[in-house]
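Written out below as structure tokens is the structure these notes cover.
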Amino acid sequence: MSAAERALSVLTLFINSDGALTAQQVAASMAMPLATAYRHLGLLKRMGFVTDLGRDGGFALGPAAFRMAERVGQTSYLSSVAVPEMQRLSRETEESVGLMRLVGGQIQCLEMVESAQPLRCSFVKGGLNTLNRGATAQAILAFMDAGLRGRILRQLGQPGLLSAEEILAVQATGHAESEGEVDAGVWGVSAPIYSAPGRFEGCVTLMAPAVRVADRRAGLIASLAAHARNITDQLSSTTNQQETL
């Protein structure tokens with residue numbers, strides 16, 4: 001077992017514990033020397049995953065662990081709200097629908113509702129895709145926080161990925177559209193979802209073979225926009241209720 005695996009095993013020990021643990025308890029549970037237990041605890045403490053409760057108090061989960069748990073809960077709730085709307089959208093259009101979000105400068109496909117009709121697509125549930133092309137990338141870049149967008153574009157080394165005029169155009173229409181940029185012959189349209197005004201959560205993307213779009217384009221875009229608004233309305237309603245408690 002590597003040092004990283006042992007440190008994660010120590011963190012898992014705290015996650016499964018009902019309370020604080022001493023270094024001696026960690027060492028005994030993990031069958032490791034006390035000095036090794038202190039070394040792993042020191043690393044987890046520096047990263048914020050455990051906190052030192054002082055003499056005789058032992059160690060307990062720290063703020064980074066709680067932030068991670070909160071983020072997992074938010075992601076789970078986002079999926080629980082979005083998936084039913086995505087399923088309705090997929091039934092209406094008979095096309096595939098993905099729930100996309102920004103993770104570490106990349107696009108993560110959080111959920112995917114696949115059409116019964118064939119579609120060869122790079123997006124799969126849980127998969128990561130680059131931010132350098134396609135409707136989803138354009139929508140995420142256009143609707144995210146402007147400061148974050150600037151930092152990401154500089155990190156990518158692609159300041160020309162979306163011009164200022166293109167960003168304004170996507171924002172004005174409320175969606176981004178592309179054809180063949182990610183997968184040959186695949187058309188996509190992506191619309192943003194929010195949990196509160198200005199609190200961007202990600203995008204819903206509708207994907208179809210370009211040959212099945214033709215005169216359906218306007219209707220597909222309208223259906224996507226309607227269901228994206230429904231997701232936003234549901235998320236915003238919950239956020240408002242929580243903030244008034």
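FYI, nothing fancy with the structure tokens labels: chains A, B, ... in order, residues from 1 per chain, ligands from 1 as they appear.
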Write out as a PyMOL selection string the residues lying within 8 Å of region 79-95 of chain A, counting only C-alpha atoms and excluding same-chain residues fewer than 2 positions away.
chain A and resi 75-77+97-99+110-111+113-117+204+206-208+220+223-224+227-228+230-231+234-235
Residues flagged strand (DSSP E or B) by DSSP in region 66-234 of chain A, as a PyMOL selection string:
chain A and resi 96-103+106-113+128-129+176-179+186-196+199-209
Just-selected residues, C-alpha atoms written as a PDB file, in the first residue's frame:
ATOM      1  CA  SER A  96     -30.010  12.182 -25.734  1.00  0.00           C
ATOM      2  CA  VAL A  97     -29.607  14.682 -22.893  1.00  0.00           C
ATOM      3  CA  GLY A  98     -26.622  15.293 -20.607  1.00  0.00           C
ATOM      4  CA  LEU A  99     -26.143  17.217 -17.359  1.00  0.00           C
ATOM      5  CA  MET A 100     -22.757  18.927 -17.512  1.00  0.00           C
ATOM      6  CA  ARG A 101     -20.726  20.885 -14.999  1.00  0.00           C
ATOM      7  CA  LEU A 102     -17.259  22.384 -14.631  1.00  0.00           C
ATOM      8  CA  VAL A 103     -14.776  20.307 -12.601  1.00  0.00           C
ATOM      9  CA  GLN A 106     -12.845  20.309 -17.532  1.00  0.00           C
ATOM     10  CA  ILE A 107     -16.406  19.333 -18.409  1.00  0.00           C
ATOM     11  CA  GLN A 108     -17.822  16.504 -16.324  1.00  0.00           C
ATOM     12  CA  CYS A 109     -20.888  14.672 -17.586  1.00  0.00           C
ATOM     13  CA  LEU A 110     -22.725  14.283 -14.306  1.00  0.00           C
ATOM     14  CA  GLU A 111     -25.767  12.488 -15.741  1.00  0.00           C
ATOM     15  CA  MET A 112     -26.777  11.153 -19.141  1.00  0.00           C
ATOM     16  CA  VAL A 113     -30.237  10.190 -20.388  1.00  0.00           C
ATOM     17  CA  LEU A 128     -14.452  14.266 -18.461  1.00  0.00           C
ATOM     18  CA  ASN A 129     -14.133  16.286 -21.660  1.00  0.00           C
ATOM     19  CA  ALA A 176     -24.851  27.664 -27.273  1.00  0.00           C
ATOM     20  CA  GLU A 177     -25.000  25.528 -30.386  1.00  0.00           C
ATOM     21  CA  SER A 178     -22.459  23.540 -32.385  1.00  0.00           C
ATOM     22  CA  GLU A 179     -22.221  20.834 -35.031  1.00  0.00           C
ATOM     23  CA  VAL A 186     -23.344  15.313 -34.041  1.00  0.00           C
ATOM     24  CA  TRP A 187     -25.313  18.503 -33.369  1.00  0.00           C
ATOM     25  CA  GLY A 188     -25.604  19.852 -29.840  1.00  0.00           C
ATOM     26  CA  VAL A 189     -27.275  22.692 -27.987  1.00  0.00           C
ATOM     27  CA  SER A 190     -26.581  23.624 -24.369  1.00  0.00           C
ATOM     28  CA  ALA A 191     -28.437  25.865 -21.907  1.00  0.00           C
ATOM     29  CA  PRO A 192     -27.412  26.974 -18.393  1.00  0.00           C
ATOM     30  CA  ILE A 193     -29.040  26.092 -15.080  1.00  0.00           C
ATOM     31  CA  TYR A 194     -28.824  28.118 -11.864  1.00  0.00           C
ATOM     32  CA  SER A 195     -29.602  27.493  -8.201  1.00  0.00           C
ATOM     33  CA  ALA A 196     -30.093  31.236  -7.563  1.00  0.00           C
ATOM     34  CA  ARG A 199     -25.273  31.117  -9.110  1.00  0.00           C
ATOM     35  CA  PHE A 200     -24.348  29.045 -12.148  1.00  0.00           C
ATOM     36  CA  GLU A 201     -24.484  25.274 -11.581  1.00  0.00           C
ATOM     37  CA  GLY A 202     -23.873  23.815 -15.031  1.00  0.00           C
ATOM     38  CA  CYS A 203     -25.614  23.093 -18.293  1.00  0.00           C
ATOM     39  CA  VAL A 204     -28.134  20.755 -19.831  1.00  0.00           C
ATOM     40  CA  THR A 205     -27.070  19.638 -23.301  1.00  0.00           C
ATOM     41  CA  LEU A 206     -29.266  18.070 -25.962  1.00  0.00           C
ATOM     42  CA  MET A 207     -27.410  15.972 -28.556  1.00  0.00           C
ATOM     43  CA  ALA A 208     -28.568  14.471 -31.855  1.00  0.00           C
ATOM     44  CA  PRO A 209     -27.152  13.327 -35.177  1.00  0.00           C
TER      45      PRO A 209
END
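Proximity to Ala28 (chain A) was assessed for A:Ala218, A:Val10, A:Val124, A:Asn16 counting only C-alpha atoms; the smallest distance is recorded for A:Val10.
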Provide the CA of Pro33 (chain A) to CA of Phe66 (chain A) distance in Å, to one decimal place.
27.8 Å
List the spatial neighbours of region 46-58 of chain A as an MDAnalysis selection string - criterion: any atom at most 12 Å away, only C-alpha atoms, same-chain residues fewer than 3 positions off excluded.
chainID A and resid 7:8 10:15 19:26 38:43 61:69
Can you work out the spacing between CA of Ala222 (chain A) and CA of Leu153 (chain A) in Å, to one decimal?
29.5 Å
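Distances here use only C-alpha atoms; by that measure, the residue among A:Leu119, A:Ala184, A:Ala37, A:Ala137 closest to Leu162 (chain A) is A:Ala137.
Atom pair CA of Ser122 (chain A) / CA of Asp215 (chain A): separated by 24.8 Å.
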Counting only C-alpha atoms, the option among A:Val213, A:Val170, A:Ala27, A:Ile221 closest to Gly185 (chain A)
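For Gly185 (chain A), the nearest of the given residues is A:Val213.
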